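Okay, query-v3.cif now, which holds mmCIF, C-alpha atoms:
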data_query
#
loop_
_atom_site.group_PDB
_atom_site.id
_atom_site.type_symbol
_atom_site.label_atom_id
_atom_site.label_comp_id
_atom_site.auth_asym_id
_atom_site.auth_seq_id
_atom_site.Cartn_x
_atom_site.Cartn_y
_atom_site.Cartn_z
ATOM 1 C CA MET A 1 -161.462 -46.670 142.260
ATOM 2 C CA ASN A 2 -158.290 -47.132 140.240
ATOM 3 C CA GLU A 3 -158.238 -44.307 137.693
ATOM 4 C CA ASP A 4 -154.859 -45.337 136.253
ATOM 5 C CA SER A 5 -154.496 -47.239 132.977
ATOM 6 C CA TYR A 6 -151.419 -48.408 131.117
ATOM 7 C CA ILE A 7 -150.191 -49.999 127.920
ATOM 8 C CA ALA A 8 -147.031 -52.105 127.819
ATOM 9 C CA ALA A 9 -146.644 -53.713 124.401
ATOM 10 C CA ASP A 10 -143.462 -53.234 122.381
ATOM 11 C CA PRO A 11 -142.848 -50.607 121.096
ATOM 12 C CA VAL A 12 -145.274 -48.542 123.243
ATOM 13 C CA PHE A 13 -144.993 -48.265 127.029
ATOM 14 C CA ALA A 14 -147.140 -45.607 128.724
ATOM 15 C CA VAL A 15 -149.103 -44.793 131.896
ATOM 16 C CA ALA A 16 -152.252 -42.636 132.022
ATOM 17 C CA ASP A 17 -153.571 -41.181 135.282
ATOM 18 C CA GLY A 18 -157.243 -40.209 134.999
ATOM 19 C CA MET A 19 -158.728 -37.155 136.673
ATOM 20 C CA GLY A 20 -162.328 -36.260 137.297
ATOM 21 C CA GLY A 21 -163.386 -38.607 140.049
ATOM 22 C CA HIS A 22 -164.737 -42.125 140.070
ATOM 23 C CA GLU A 23 -165.784 -43.465 136.689
ATOM 24 C CA ALA A 24 -164.951 -40.278 134.786
ATOM 25 C CA GLY A 25 -161.195 -40.449 135.428
ATOM 26 C CA GLU A 26 -161.179 -44.162 134.761
ATOM 27 C CA ILE A 27 -162.956 -43.604 131.432
ATOM 28 C CA ALA A 28 -160.485 -40.888 130.410
ATOM 29 C CA SER A 29 -157.351 -42.925 131.075
ATOM 30 C CA GLY A 30 -158.927 -46.020 129.505
ATOM 31 C CA ILE A 31 -159.792 -44.181 126.292
ATOM 32 C CA CYS A 32 -156.260 -42.823 126.195
ATOM 33 C CA VAL A 33 -154.490 -46.200 126.334
ATOM 34 C CA ARG A 34 -156.977 -47.870 123.985
ATOM 35 C CA THR A 35 -156.337 -45.130 121.448
ATOM 36 C CA LEU A 36 -152.573 -45.577 121.787
ATOM 37 C CA ALA A 37 -153.100 -49.290 121.174
ATOM 38 C CA GLU A 38 -154.340 -48.384 117.687
ATOM 39 C CA ILE A 39 -150.947 -46.998 116.640
ATOM 40 C CA PRO A 40 -150.051 -49.113 113.561
ATOM 41 C CA GLN A 41 -146.523 -49.852 114.780
ATOM 42 C CA LEU A 42 -148.017 -51.731 117.733
ATOM 43 C CA ALA A 43 -149.483 -54.335 115.370
ATOM 44 C CA THR A 44 -146.486 -54.606 113.063
ATOM 45 C CA GLY A 45 -143.702 -54.278 115.628
ATOM 46 C CA GLU A 46 -141.983 -51.739 113.409
ATOM 47 C CA ARG A 47 -140.033 -48.922 114.995
ATOM 48 C CA ASP A 48 -140.709 -46.079 112.598
ATOM 49 C CA ALA A 49 -143.180 -44.130 114.738
ATOM 50 C CA THR A 50 -142.540 -40.412 115.102
ATOM 51 C CA ALA A 51 -143.651 -37.692 117.489
ATOM 52 C CA ALA A 52 -146.091 -36.544 114.794
ATOM 53 C CA VAL A 53 -147.690 -40.004 114.639
ATOM 54 C CA VAL A 54 -148.008 -40.227 118.423
ATOM 55 C CA GLN A 55 -149.447 -36.703 118.653
ATOM 56 C CA GLN A 56 -152.070 -37.605 116.044
ATOM 57 C CA TYR A 57 -153.328 -40.412 118.278
ATOM 58 C CA LEU A 58 -153.217 -38.204 121.374
ATOM 59 C CA LEU A 59 -155.499 -35.733 119.605
ATOM 60 C CA GLN A 60 -157.854 -38.627 118.831
ATOM 61 C CA ALA A 61 -157.759 -39.627 122.498
ATOM 62 C CA ASP A 62 -158.461 -36.049 123.549
ATOM 63 C CA ALA A 63 -161.506 -35.871 121.270
ATOM 64 C CA GLY A 64 -162.743 -39.272 122.451
ATOM 65 C CA ILE A 65 -162.465 -38.310 126.107
ATOM 66 C CA ARG A 66 -164.299 -35.033 125.564
ATOM 67 C CA GLU A 67 -167.105 -36.807 123.722
ATOM 68 C CA ALA A 68 -167.446 -39.582 126.300
ATOM 69 C CA THR A 69 -167.314 -37.364 129.392
ATOM 70 C CA GLY A 70 -168.588 -34.005 128.174
ATOM 71 C CA SER A 71 -165.147 -32.525 128.931
ATOM 72 C CA ARG A 72 -165.712 -33.330 132.622
ATOM 73 C CA ALA A 73 -162.668 -35.584 132.894
ATOM 74 C CA GLY A 74 -159.103 -35.718 131.723
ATOM 75 C CA THR A 75 -155.947 -37.755 131.979
ATOM 76 C CA THR A 76 -152.217 -37.300 132.186
ATOM 77 C CA LEU A 77 -149.952 -39.468 130.065
ATOM 78 C CA SER A 78 -146.266 -40.288 130.159
ATOM 79 C CA GLY A 79 -144.274 -42.980 128.476
ATOM 80 C CA VAL A 80 -141.800 -44.108 125.873
ATOM 81 C CA VAL A 81 -141.985 -45.468 122.335
ATOM 82 C CA VAL A 82 -139.049 -47.460 120.950
ATOM 83 C CA VAL A 83 -138.144 -45.967 117.559
ATOM 84 C CA GLU A 84 -135.335 -45.976 115.021
ATOM 85 C CA GLN A 85 -133.994 -43.086 113.013
ATOM 86 C CA THR A 86 -131.378 -43.689 110.309
ATOM 87 C CA GLY A 87 -130.786 -47.120 111.819
ATOM 88 C CA VAL A 88 -130.123 -45.773 115.314
ATOM 89 C CA PRO A 89 -132.475 -46.846 118.147
ATOM 90 C CA TYR A 90 -134.017 -44.196 120.376
ATOM 91 C CA TRP A 91 -136.382 -43.878 123.283
ATOM 92 C CA LEU A 92 -139.079 -41.415 122.163
ATOM 93 C CA VAL A 93 -140.289 -40.065 125.492
ATOM 94 C CA LEU A 94 -143.657 -38.310 125.643
ATOM 95 C CA ASN A 95 -145.347 -36.460 128.461
ATOM 96 C CA ILE A 96 -148.472 -34.467 129.167
ATOM 97 C CA GLY A 97 -149.377 -33.738 132.791
ATOM 98 C CA ASP A 98 -147.549 -34.918 135.907
ATOM 99 C CA SER A 99 -147.057 -38.637 135.351
ATOM 100 C CA ARG A 100 -143.352 -39.272 134.830
ATOM 101 C CA THR A 101 -140.717 -41.083 132.786
ATOM 102 C CA TYR A 102 -137.291 -41.732 134.312
ATOM 103 C CA ARG A 103 -134.110 -43.248 132.925
ATOM 104 C CA LEU A 104 -131.627 -45.254 134.956
ATOM 105 C CA SER A 105 -128.294 -45.349 133.129
ATOM 106 C CA HIS A 106 -124.878 -46.234 134.538
ATOM 107 C CA GLY A 107 -126.392 -46.292 138.030
ATOM 108 C CA LYS A 108 -127.773 -42.758 137.791
ATOM 109 C CA LEU A 109 -131.490 -41.945 137.769
ATOM 110 C CA SER A 110 -132.643 -38.973 135.678
ATOM 111 C CA GLN A 111 -136.167 -37.663 135.287
ATOM 112 C CA VAL A 112 -136.617 -37.187 131.554
ATOM 113 C CA SER A 113 -140.152 -35.796 131.519
ATOM 114 C CA VAL A 114 -140.979 -32.381 132.930
ATOM 115 C CA ASP A 115 -144.178 -32.056 134.964
ATOM 116 C CA HIS A 116 -146.949 -29.866 133.624
ATOM 117 C CA SER A 117 -148.059 -28.673 137.043
ATOM 118 C CA GLU A 118 -148.468 -25.505 139.063
ATOM 119 C CA VAL A 119 -145.662 -26.430 141.450
ATOM 120 C CA GLN A 120 -143.262 -27.173 138.583
ATOM 121 C CA GLU A 121 -143.916 -23.681 137.253
ATOM 122 C CA LEU A 122 -143.135 -22.295 140.711
ATOM 123 C CA VAL A 123 -139.914 -24.331 140.812
ATOM 124 C CA ASP A 124 -138.943 -23.112 137.340
ATOM 125 C CA ALA A 125 -139.581 -19.532 138.450
ATOM 126 C CA GLY A 126 -137.348 -20.024 141.491
ATOM 127 C CA GLU A 127 -140.207 -19.331 143.905
ATOM 128 C CA ILE A 128 -140.036 -22.723 145.652
ATOM 129 C CA THR A 129 -137.516 -25.561 145.836
ATOM 130 C CA PRO A 130 -138.116 -29.100 144.530
ATOM 131 C CA ALA A 131 -138.313 -30.262 148.150
ATOM 132 C CA GLU A 132 -141.022 -27.698 148.875
ATOM 133 C CA ALA A 133 -142.849 -28.724 145.703
ATOM 134 C CA ALA A 134 -143.071 -32.313 146.972
ATOM 135 C CA VAL A 135 -145.259 -31.218 149.919
ATOM 136 C CA HIS A 136 -146.950 -28.174 148.396
ATOM 137 C CA PRO A 137 -150.763 -28.174 148.866
ATOM 138 C CA ARG A 138 -151.280 -27.619 145.114
ATOM 139 C CA ARG A 139 -148.781 -30.233 143.959
ATOM 140 C CA HIS A 140 -151.527 -32.262 142.254
ATOM 141 C CA VAL A 141 -152.835 -29.395 140.113
ATOM 142 C CA VAL A 142 -151.825 -30.050 136.491
ATOM 143 C CA THR A 143 -151.598 -27.385 133.811
ATOM 144 C CA ARG A 144 -151.906 -29.672 130.787
ATOM 145 C CA ALA A 145 -153.954 -32.824 130.191
ATOM 146 C CA LEU A 146 -155.921 -34.768 127.604
ATOM 147 C CA GLY A 147 -159.702 -34.397 127.589
ATOM 148 C CA THR A 148 -159.891 -31.089 129.400
ATOM 149 C CA GLY A 149 -158.294 -27.678 129.097
ATOM 150 C CA ASP A 150 -156.797 -25.890 126.137
ATOM 151 C CA GLU A 151 -153.340 -27.467 125.818
ATOM 152 C CA THR A 152 -153.306 -31.018 124.465
ATOM 153 C CA GLU A 153 -149.846 -31.177 122.925
ATOM 154 C CA ALA A 154 -147.357 -33.450 124.647
ATOM 155 C CA ASP A 155 -143.667 -32.735 125.095
ATOM 156 C CA TYR A 156 -141.279 -35.116 123.317
ATOM 157 C CA TRP A 157 -137.624 -36.091 123.754
ATOM 158 C CA LEU A 158 -135.339 -38.441 121.800
ATOM 159 C CA LEU A 159 -132.782 -40.384 123.844
ATOM 160 C CA PRO A 160 -130.333 -42.767 122.143
ATOM 161 C CA VAL A 161 -130.763 -46.271 123.539
ATOM 162 C CA GLU A 162 -127.769 -47.619 125.423
ATOM 163 C CA GLU A 163 -127.117 -51.165 126.584
ATOM 164 C CA GLY A 164 -128.399 -51.611 130.126
ATOM 165 C CA ASP A 165 -130.804 -48.673 130.048
ATOM 166 C CA ARG A 166 -133.725 -49.069 132.432
ATOM 167 C CA MET A 167 -136.766 -46.877 131.811
ATOM 168 C CA LEU A 168 -139.382 -46.275 134.494
ATOM 169 C CA VAL A 169 -142.806 -44.879 133.624
ATOM 170 C CA CYS A 170 -145.165 -44.148 136.519
ATOM 171 C CA SER A 171 -148.188 -42.267 137.751
ATOM 172 C CA ASP A 172 -147.625 -39.733 140.523
ATOM 173 C CA GLY A 173 -148.859 -42.277 143.047
ATOM 174 C CA LEU A 174 -145.314 -43.675 142.935
ATOM 175 C CA ASN A 175 -143.103 -40.587 143.022
ATOM 176 C CA GLY A 176 -145.541 -38.953 145.441
ATOM 177 C CA GLU A 177 -144.609 -41.608 148.019
ATOM 178 C CA LEU A 178 -140.981 -42.445 147.147
ATOM 179 C CA ASP A 179 -138.104 -40.052 146.627
ATOM 180 C CA ASP A 180 -135.559 -40.483 143.846
ATOM 181 C CA GLU A 181 -133.065 -42.131 146.192
ATOM 182 C CA GLU A 182 -135.486 -44.901 147.155
ATOM 183 C CA ILE A 183 -136.627 -45.393 143.563
ATOM 184 C CA THR A 184 -132.996 -45.680 142.456
ATOM 185 C CA ARG A 185 -132.194 -48.185 145.212
ATOM 186 C CA ILE A 186 -135.034 -50.491 144.167
ATOM 187 C CA LEU A 187 -134.300 -50.229 140.445
ATOM 188 C CA ILE A 188 -130.642 -51.085 141.020
ATOM 189 C CA SER A 189 -131.249 -53.886 143.530
ATOM 190 C CA GLU A 190 -133.904 -55.772 141.499
ATOM 191 C CA PRO A 191 -132.511 -56.996 138.156
ATOM 192 C CA ASP A 192 -135.809 -58.508 136.950
ATOM 193 C CA PRO A 193 -138.160 -55.770 135.639
ATOM 194 C CA GLN A 194 -141.340 -57.364 136.984
ATOM 195 C CA THR A 195 -139.776 -57.861 140.405
ATOM 196 C CA ALA A 196 -138.647 -54.232 140.364
ATOM 197 C CA VAL A 197 -142.197 -53.113 139.545
ATOM 198 C CA ASP A 198 -143.654 -55.235 142.330
ATOM 199 C CA GLU A 199 -141.202 -53.853 144.882
ATOM 200 C CA LEU A 200 -141.753 -50.251 143.778
ATOM 201 C CA ILE A 201 -145.512 -50.615 144.236
ATOM 202 C CA GLN A 202 -145.162 -52.342 147.606
ATOM 203 C CA ALA A 203 -142.749 -49.653 148.809
ATOM 204 C CA ALA A 204 -145.187 -46.920 147.747
ATOM 205 C CA LEU A 205 -148.045 -48.672 149.549
ATOM 206 C CA ARG A 206 -145.939 -49.100 152.685
ATOM 207 C CA SER A 207 -145.128 -45.405 152.533
ATOM 208 C CA GLY A 208 -148.815 -44.487 152.612
ATOM 209 C CA GLY A 209 -150.350 -45.449 149.281
ATOM 210 C CA ARG A 210 -152.508 -42.334 149.179
ATOM 211 C CA ASP A 211 -153.053 -42.516 145.428
ATOM 212 C CA ASN A 212 -153.284 -45.156 142.722
ATOM 213 C CA VAL A 213 -149.824 -46.546 141.943
ATOM 214 C CA THR A 214 -148.953 -47.723 138.444
ATOM 215 C CA CYS A 215 -145.535 -48.225 136.926
ATOM 216 C CA ILE A 216 -143.759 -49.887 134.016
ATOM 217 C CA VAL A 217 -140.089 -50.867 133.936
ATOM 218 C CA VAL A 218 -138.477 -51.456 130.533
ATOM 219 C CA ASP A 219 -134.919 -52.785 130.151
ATOM 220 C CA ALA A 220 -132.759 -52.493 127.042
ATOM 221 C CA SER A 221 -130.603 -55.563 126.482
ATOM 222 C CA ASN A 222 -128.695 -57.056 123.554
ATOM 223 C CA VAL A 223 -128.742 -53.591 121.985
ATOM 224 C CA ALA A 224 -125.978 -54.276 119.468
ATOM 225 C CA ASN A 225 -127.648 -57.490 118.208
ATOM 226 C CA ASP A 226 -131.334 -56.795 118.492
ATOM 227 C CA GLY A 227 -133.225 -60.025 117.935
ATOM 228 C CA GLY A 228 -136.701 -58.875 118.837
ATOM 229 C CA SER A 229 -138.445 -58.016 122.044
ATOM 230 C CA GLN A 230 -139.692 -59.781 125.107
ATOM 231 C CA THR A 231 -142.367 -58.313 127.333
ATOM 232 C CA SER A 232 -144.063 -59.830 130.329
ATOM 233 C CA PRO A 233 -147.133 -57.682 131.100
ATOM 234 C CA ARG A 234 -150.743 -57.942 129.992
ATOM 235 C CA THR A 235 -152.201 -56.324 126.905
ATOM 236 C CA ALA A 236 -153.828 -52.906 127.033
ATOM 237 C CA ALA A 237 -157.283 -54.502 126.851
ATOM 238 C CA GLU A 238 -156.519 -56.858 129.726
ATOM 239 C CA ALA A 239 -155.047 -54.056 131.784
ATOM 240 C CA GLU A 240 -158.138 -51.957 131.169
ATOM 241 C CA ASP A 241 -160.319 -54.704 132.658
ATOM 242 C CA GLU A 242 -158.473 -54.523 135.964
ATOM 243 C CA ASN A 243 -160.293 -52.653 138.709
ATOM 244 C CA THR A 244 -158.775 -52.147 142.113
ATOM 245 C CA LEU A 245 -159.956 -50.291 145.118
ATOM 246 C CA PRO A 246 -158.634 -47.562 147.020
ATOM 247 C CA ARG A 247 -124.759 -38.193 127.462
ATOM 248 C CA THR A 248 -124.351 -38.597 124.359
ATOM 249 C CA GLU A 249 -127.293 -36.464 123.557
ATOM 250 C CA VAL A 250 -130.850 -35.702 124.516
ATOM 251 C CA LEU A 251 -132.902 -34.167 121.738
ATOM 252 C CA GLU A 252 -136.116 -32.296 122.455
ATOM 253 C CA VAL A 253 -138.394 -32.627 119.450
ATOM 254 C CA ALA A 254 -141.591 -31.003 118.263
ATOM 255 C CA PRO A 255 -144.515 -33.204 117.154
ATOM 256 C CA ASP A 256 -143.613 -32.565 113.516
ATOM 257 C CA GLY A 257 -140.242 -34.207 114.170
ATOM 258 C CA GLU A 258 -138.195 -31.020 114.078
ATOM 259 C CA VAL A 259 -135.478 -30.831 116.709
ATOM 260 C CA VAL A 260 -136.105 -27.951 119.105
ATOM 261 C CA ALA A 261 -133.154 -25.613 119.327
ATOM 262 C CA GLY A 262 -131.532 -25.781 122.733
ATOM 263 C CA GLY A 263 -133.512 -28.852 123.678
ATOM 264 C CA ASP A 264 -130.531 -30.401 125.404
ATOM 265 C CA ALA A 265 -130.013 -27.489 127.726
ATOM 266 C CA ALA A 266 -133.719 -27.014 128.235
ATOM 267 C CA SER A 267 -134.253 -30.532 129.464
ATOM 268 C CA GLY A 268 -131.336 -30.459 131.840
ATOM 269 C CA ARG A 269 -131.200 -34.243 131.858
ATOM 270 C CA ASP A 270 -128.163 -36.504 131.905
ATOM 271 C CA VAL A 271 -128.343 -39.166 129.241
ATOM 272 C CA PRO A 272 -126.136 -41.460 127.203
ATOM 273 C CA ALA A 273 -126.017 -43.607 123.651
ATOM 274 C CA PRO A 274 -126.851 -46.861 121.201
ATOM 275 C CA GLU A 275 -131.294 -51.519 118.895
ATOM 276 C CA PRO A 276 -132.953 -52.392 121.958
ATOM 277 C CA GLU A 277 -134.504 -55.585 123.036
ATOM 278 C CA PRO A 278 -136.995 -54.300 125.575
ATOM 279 C CA GLU A 279 -137.991 -56.543 128.421
ATOM 280 C CA ALA A 280 -140.742 -55.056 130.489
ATOM 281 C CA GLY A 281 -142.504 -55.437 133.777
ATOM 282 C CA SER A 282 -145.610 -53.521 134.678
ATOM 283 C CA ALA A 283 -148.404 -53.456 137.191
ATOM 284 C CA ALA A 284 -150.929 -51.240 138.864
ATOM 285 C CA GLY A 285 -151.492 -51.077 142.586
ATOM 286 C CA PRO A 286 -154.244 -49.362 144.585
ATOM 287 C CA GLY A 287 -153.646 -46.819 147.276
ATOM 288 C CA GLY A 288 -154.205 -48.152 150.769
ATOM 289 C CA GLN A 289 -154.260 -51.819 149.809
ATOM 290 C CA PRO A 290 -151.812 -54.376 151.215
ATOM 291 C CA ASP A 291 -150.870 -55.554 147.721
ATOM 292 C CA GLY A 292 -151.004 -54.395 144.125
ATOM 293 C CA SER A 293 -153.471 -55.688 141.569
ATOM 294 C CA ARG A 294 -152.220 -58.167 139.025
#

Could I get this file's structure written as structure tokens?
Amino acid sequence: MNEDSYIAADPVFAVADGMGGHEAGEIASGICVRTLAEIPQLATGERDATAAVVQQYLLQADAGIREATGSRAGTTLSGVVVVEQTGVPYWLVLNIGDSRTYRLSHGKLSQVSVDHSEVQELVDAGEITPAEAAVHPRRHVVTRALGTGDETEADYWLLPVEEGDRMLVCSDGLNGELDDEEITRILISEPDPQTAVDELIQAALRSGGRDNVTCIVVDASNVANDGGSQTSPRTAAEAEDENTLPRTEVLEVAPDGEVVAGGDAASGRDVPAPEPEPEAGSAAGPGGQPDGSR
């Protein structure tokens, strides 16, 4: 079963990776993206969403998952919302669990999100290296998720949008099969976002495809003269119907919108600066299948 779900509709681009086995994980991730689809800015196309607004809908998703599954299932979530503050466009990155959001800028790939996982805690404590974490037997154990557990608050970052930015949002089925070097190579070599998505999924499947693979690629173009947005993927509802078999500055912000002191140093990410016209490609692919679902 494919337990991943995603939403790719300007200004919200996010991937949810369900946990709990079979239908339970699929229900959890589906509830999550359907709840995100209710964010008012999705209907109006406005870019005034805040971390507080997003967190409000994540709490609704958490409650909905618990009610539907009896707290037997959960989901990770990572993604980006295009927002504006004082006329300046930003990527509002959100993350809970071990799905990931990356930024490719000036040819350099940076992981913006920080995994909520046991192995990430071991890496942070200096007990294992990132290379050891990639093959650790408990690398799939998450410490934060929606629908299960005590912590349901996502982490948030604000990144100024820069012309040519390419954002990648993915479930761990992608980065579990491909290292950063291979991901970077594909993102740089495929200028069309949908083609980049297709190649990323195929590369992950060729590498083993041991987990569901879902990713979204969003490009920022015509930043200085934003004339709207153009996206190519399906709606959240259509995506949910798909079943497949097996530096200028980075600001870390709290859900209430307050900038976290030392957020730049805490994130350790390289990032640059500015109204984006997002063009997106997205798709989900099953583990062990010769091609991804469309």

Between atom CA of A:Val15 and atom CA of A:Gly107, measure the distance and give it in Å to one decimal.
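According to the coordinates, atom CA of A:Val15 and atom CA of A:Gly107 are separated by 23.6 Å.
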
Taking the file as I've supplied it (selection: the PyMOL selection byres ((chain A and resi 47-53) around 10)), which residues are included? Please answer as number ranges by chain.
A: 10-12, 39-42, 44-46, 54-58, 81-87, 89-90, 92-94, 154-158, 253-258, 275

I need the residues from that last selection saved to file as a PDB file, in the frame of the given file (with C-alpha atoms), if you can.
ATOM      1  CA  ASP A  10    -143.462 -53.234 122.381  1.00  0.00           C
ATOM      2  CA  PRO A  11    -142.848 -50.607 121.096  1.00  0.00           C
ATOM      3  CA  VAL A  12    -145.274 -48.542 123.243  1.00  0.00           C
ATOM      4  CA  ILE A  39    -150.947 -46.998 116.640  1.00  0.00           C
ATOM      5  CA  PRO A  40    -150.051 -49.113 113.561  1.00  0.00           C
ATOM      6  CA  GLN A  41    -146.523 -49.852 114.780  1.00  0.00           C
ATOM      7  CA  LEU A  42    -148.017 -51.731 117.733  1.00  0.00           C
ATOM      8  CA  THR A  44    -146.486 -54.606 113.063  1.00  0.00           C
ATOM      9  CA  GLY A  45    -143.702 -54.278 115.628  1.00  0.00           C
ATOM     10  CA  GLU A  46    -141.983 -51.739 113.409  1.00  0.00           C
ATOM     11  CA  VAL A  54    -148.008 -40.227 118.423  1.00  0.00           C
ATOM     12  CA  GLN A  55    -149.447 -36.703 118.653  1.00  0.00           C
ATOM     13  CA  GLN A  56    -152.070 -37.605 116.044  1.00  0.00           C
ATOM     14  CA  TYR A  57    -153.328 -40.412 118.278  1.00  0.00           C
ATOM     15  CA  LEU A  58    -153.217 -38.204 121.374  1.00  0.00           C
ATOM     16  CA  VAL A  81    -141.985 -45.468 122.335  1.00  0.00           C
ATOM     17  CA  VAL A  82    -139.049 -47.460 120.950  1.00  0.00           C
ATOM     18  CA  VAL A  83    -138.144 -45.967 117.559  1.00  0.00           C
ATOM     19  CA  GLU A  84    -135.335 -45.976 115.021  1.00  0.00           C
ATOM     20  CA  GLN A  85    -133.994 -43.086 113.013  1.00  0.00           C
ATOM     21  CA  THR A  86    -131.378 -43.689 110.309  1.00  0.00           C
ATOM     22  CA  GLY A  87    -130.786 -47.120 111.819  1.00  0.00           C
ATOM     23  CA  PRO A  89    -132.475 -46.846 118.147  1.00  0.00           C
ATOM     24  CA  TYR A  90    -134.017 -44.196 120.376  1.00  0.00           C
ATOM     25  CA  LEU A  92    -139.079 -41.415 122.163  1.00  0.00           C
ATOM     26  CA  VAL A  93    -140.289 -40.065 125.492  1.00  0.00           C
ATOM     27  CA  LEU A  94    -143.657 -38.310 125.643  1.00  0.00           C
ATOM     28  CA  ALA A 154    -147.357 -33.450 124.647  1.00  0.00           C
ATOM     29  CA  ASP A 155    -143.667 -32.735 125.095  1.00  0.00           C
ATOM     30  CA  TYR A 156    -141.279 -35.116 123.317  1.00  0.00           C
ATOM     31  CA  TRP A 157    -137.624 -36.091 123.754  1.00  0.00           C
ATOM     32  CA  LEU A 158    -135.339 -38.441 121.800  1.00  0.00           C
ATOM     33  CA  VAL A 253    -138.394 -32.627 119.450  1.00  0.00           C
ATOM     34  CA  ALA A 254    -141.591 -31.003 118.263  1.00  0.00           C
ATOM     35  CA  PRO A 255    -144.515 -33.204 117.154  1.00  0.00           C
ATOM     36  CA  ASP A 256    -143.613 -32.565 113.516  1.00  0.00           C
ATOM     37  CA  GLY A 257    -140.242 -34.207 114.170  1.00  0.00           C
ATOM     38  CA  GLU A 258    -138.195 -31.020 114.078  1.00  0.00           C
ATOM     39  CA  GLU A 275    -131.294 -51.519 118.895  1.00  0.00           C
TER      40      GLU A 275
END

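Interatomic distance, atom CA of A:Arg100 against atom CA of A:Cys170: 5.5 Å.
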
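Atom CA of A:His106 lies 12.5 Å from atom CA of A:Val161.
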
Since I can't run it myself right now, could you work out what the PyMOL selection byres ((chain A and resi 203) around 10) selects here and report it as a count of residues only?
18

Of the candidates A:Gly18, A:Gly97, A:Pro193, A:Gly74, which shows the shortest atom-to-atom distance to A:Thr143, using all atoms listed in the file?
A:Gly97

Taking the file as I've supplied it (selection: the PyMOL selection byres ((chain A and resi 24) around 10)), which residues are included? Please answer as a compact mmCIF listing (two decimals) with C-alpha atoms, keeping the file's coordinate frame.
# COMPACT_ATOMS: atom_id res chain seq x y z
CA GLU A 3 -158.24 -44.31 137.69
CA GLY A 18 -157.24 -40.21 135.00
CA MET A 19 -158.73 -37.16 136.67
CA GLY A 20 -162.33 -36.26 137.30
CA GLY A 21 -163.39 -38.61 140.05
CA HIS A 22 -164.74 -42.12 140.07
CA GLU A 23 -165.78 -43.46 136.69
CA GLY A 25 -161.20 -40.45 135.43
CA GLU A 26 -161.18 -44.16 134.76
CA ILE A 27 -162.96 -43.60 131.43
CA ALA A 28 -160.49 -40.89 130.41
CA SER A 29 -157.35 -42.92 131.07
CA GLY A 30 -158.93 -46.02 129.50
CA ILE A 65 -162.46 -38.31 126.11
CA ALA A 68 -167.45 -39.58 126.30
CA THR A 69 -167.31 -37.36 129.39
CA GLY A 70 -168.59 -34.01 128.17
CA SER A 71 -165.15 -32.52 128.93
CA ARG A 72 -165.71 -33.33 132.62
CA ALA A 73 -162.67 -35.58 132.89
CA GLY A 74 -159.10 -35.72 131.72
CA THR A 75 -155.95 -37.76 131.98

Can you tell me, as a list in words, what residues are no more than 9 Å from A:Leu59 when counting all atoms listed in the file, ignoring any on the same chain fewer than 5 positions away?
Val54, Gly64, Leu146, Thr152 and Glu153 of chain A

Would you place a box with edges along x, y and z of the file around all atoms of stretch 170-189 of chain A listed there, add 8 Å to each of its six sides, and report the centre and edge lengths in Å to one decimal, as AutoDock Vina command-line options?
--center_x -139.8 --center_y -46.4 --center_z 142.3 --size_x 34.2 --size_y 30.9 --size_z 27.5

From the list A:Ala37, A:Val88, A:Ala283, A:Met1, which residue is nearest A:Leu159 when using all atoms listed in the file?
A:Val88

For a quick check of understanding, using all atoms listed in the file, which of A:Trp91, A:Val217, A:Pro130, A:Ile96 has the smallest distance to A:Thr148?
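Under the stated criterion, the closest residue is A:Ile96.
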
With all atoms listed in the file as the basis for distance, which of A:Val123, A:Val218, A:Val112, A:Ala63 is at the shortest distance from A:Gly149?
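Comparing A:Val123, A:Val218, A:Val112, A:Ala63 against A:Gly149, the winner is A:Ala63.
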
For A:Thr101, which residue out of A:Ala9, A:Leu168, A:Gly126, A:His116 is the nearest one, using all atoms listed in the file?
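Of the candidates, the smallest distance to A:Thr101 is held by A:Leu168.
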
Would you list the contacts of A:Asp172 as a list in words, taking every protein, DNA or RNA residue within 9 Å and counting only C-alpha atoms, but skipping same-chain residues closer than 6 positions in sequence?
Asp17, Asp98, Ser99, Arg100, His140, Asp211, Asn212, Val213 and Thr214 of chain A

Restricted to C-alpha atoms, what would the selected residues look like written as a compact mmCIF listing (two decimals), in the coordinates of the input?
# COMPACT_ATOMS: atom_id res chain seq x y z
CA ASP A 17 -153.57 -41.18 135.28
CA ASP A 98 -147.55 -34.92 135.91
CA SER A 99 -147.06 -38.64 135.35
CA ARG A 100 -143.35 -39.27 134.83
CA HIS A 140 -151.53 -32.26 142.25
CA ASP A 211 -153.05 -42.52 145.43
CA ASN A 212 -153.28 -45.16 142.72
CA VAL A 213 -149.82 -46.55 141.94
CA THR A 214 -148.95 -47.72 138.44

Find, counting all atoms listed in the file, the residue in A:Asp179, A:Tyr102, A:Val141, A:Gly147 that gets nearest to A:Gln60.
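With all atoms listed in the file as the atom set, the closest residue is A:Gly147.
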